[in-house]
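Worksheet: the structure to be examined is printed underneath.
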Amino acid sequence: MEELQGSQTQSSLGQEDENEVITESSAFVKGEPAPEFCSNPPKVDSEVEVLHEKVTKQIIKEGHGQKPSKYSTCFFHYRAWAEKSEHKFEDTWLEQRPIEMVLGKEKKEMTGLSVGVASMKAGERALVRVGWELGYGEEGSFSFPNVPPKADLVYEVELIGFDETKEGKARSDMTVEERIGAADRRKMDGNALYQEEKLEEAMQQYEMAIAYMGDDFMFQLFGKYRDMALAVKNPCHLNMAACLIKLNRYEEAIGQCNTVLGEDENNVKALFRRGKARATLGQTDAAREDFLKATKYAPQDKAIAKELRLLAEHDKAVYQKQKEIYKGIFGPRPQPVPKPRNWLILIWQWLLSVFYGLVTLFKRERHKSD
């Protein structure tokens, strides 16, 4: 990733920093956007794996690495439906806030889900079916989420990753320093994966790092502790933006940059990356605004100057193209067509002019003689 200069002078956005990710090249890595959850349970053709008498699993996307061990702290996204019912309920993964669950210490209604999660690898997506006995039970739930009585559940789960903690210590039980430290370790793991071009895996690490510093946690921080947390959290958002740009997921990259700019409206890297994403989406005016604002705080930066130059060249090419299009539509201005001459009329006009000249000359000579 592009970096800022030192304390007194700002360095080029192309320089490297040990707490950040290396600069992305101008040629983006091709990749598919992360699959989005459907409004209904997806149809899966993979083999059904029986995990428990009341729990089965079908893999949607293979994961990598190891499975979590007992008392691991797992981070995952999920959406759930009450099977054989139009009712569905969902959780906060839509807000990019991973759910946290300590295996072996989960809530009673999540027992079946924990069985499914414990069988998954990091990065794996699966369809987990849970009988009502290991879900919300005979009575269901009349609060959030609102689950019908005796509802068999279908979970679409993506395991982002997990932390190995022998004592099963959840984030809520950690001190401020412990949470920031755990997040920083995740960020560094993500940076190492980015270096290896493992972008999806890197983003999983960044997302887990961010999960340690959710809104409820940040709201309680002031002074140096908030600065410490932001020093880890903001780079994670920026690094995720760099990954998303390489994967051609520009709208998501803009969202990550917006999060940083919400905390620091003059953050040069956030402005720069948002400008690159906007420029690629064709939002040239908004991109130019971001680059110009970034230039105020890094006036000597060559990367920003290059992007502004590319925008100018793009605008010039668009103007020339539009000029050619309009020229083809309207064509050149028509030239007046000369009318064909009638030689008889021209001769007649000449004879009349000669006759008129002779008459005038005769009258003039007669007047002199008188």
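Ordering of the structure tokens sets the chain letters (A, B, ...); residue numbers start at 1 within each chain; ligands are numbered from 1 in the order shown.
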Long-range neighbours of segment 196-202 of chain A as JSON, numbers by chain, 8 Å cut-off, only C-alpha atoms, 6 positions minimum in chain: {"A": [123, 189, 190, 243]}
12 Å contact set for Glu307 of chain A, only C-alpha atoms, chain neighbours under 5 positions out, as a list in words: Leu13, Ser26, Phe272, Arg273, Arg274, Gly275, Lys276, Ala277, Arg278, Ala279, Thr280, Thr284, Ala287, Arg288, Glu289, Asp290, Phe291, Leu292, Ala294, Thr295, Asp301, Lys302, Ala312, Glu313 and His314 of chain A
Between atom CA of Leu271 of chain A and atom CA of Lys296 of chain A - distance in Å to one decimal: 11.2 Å
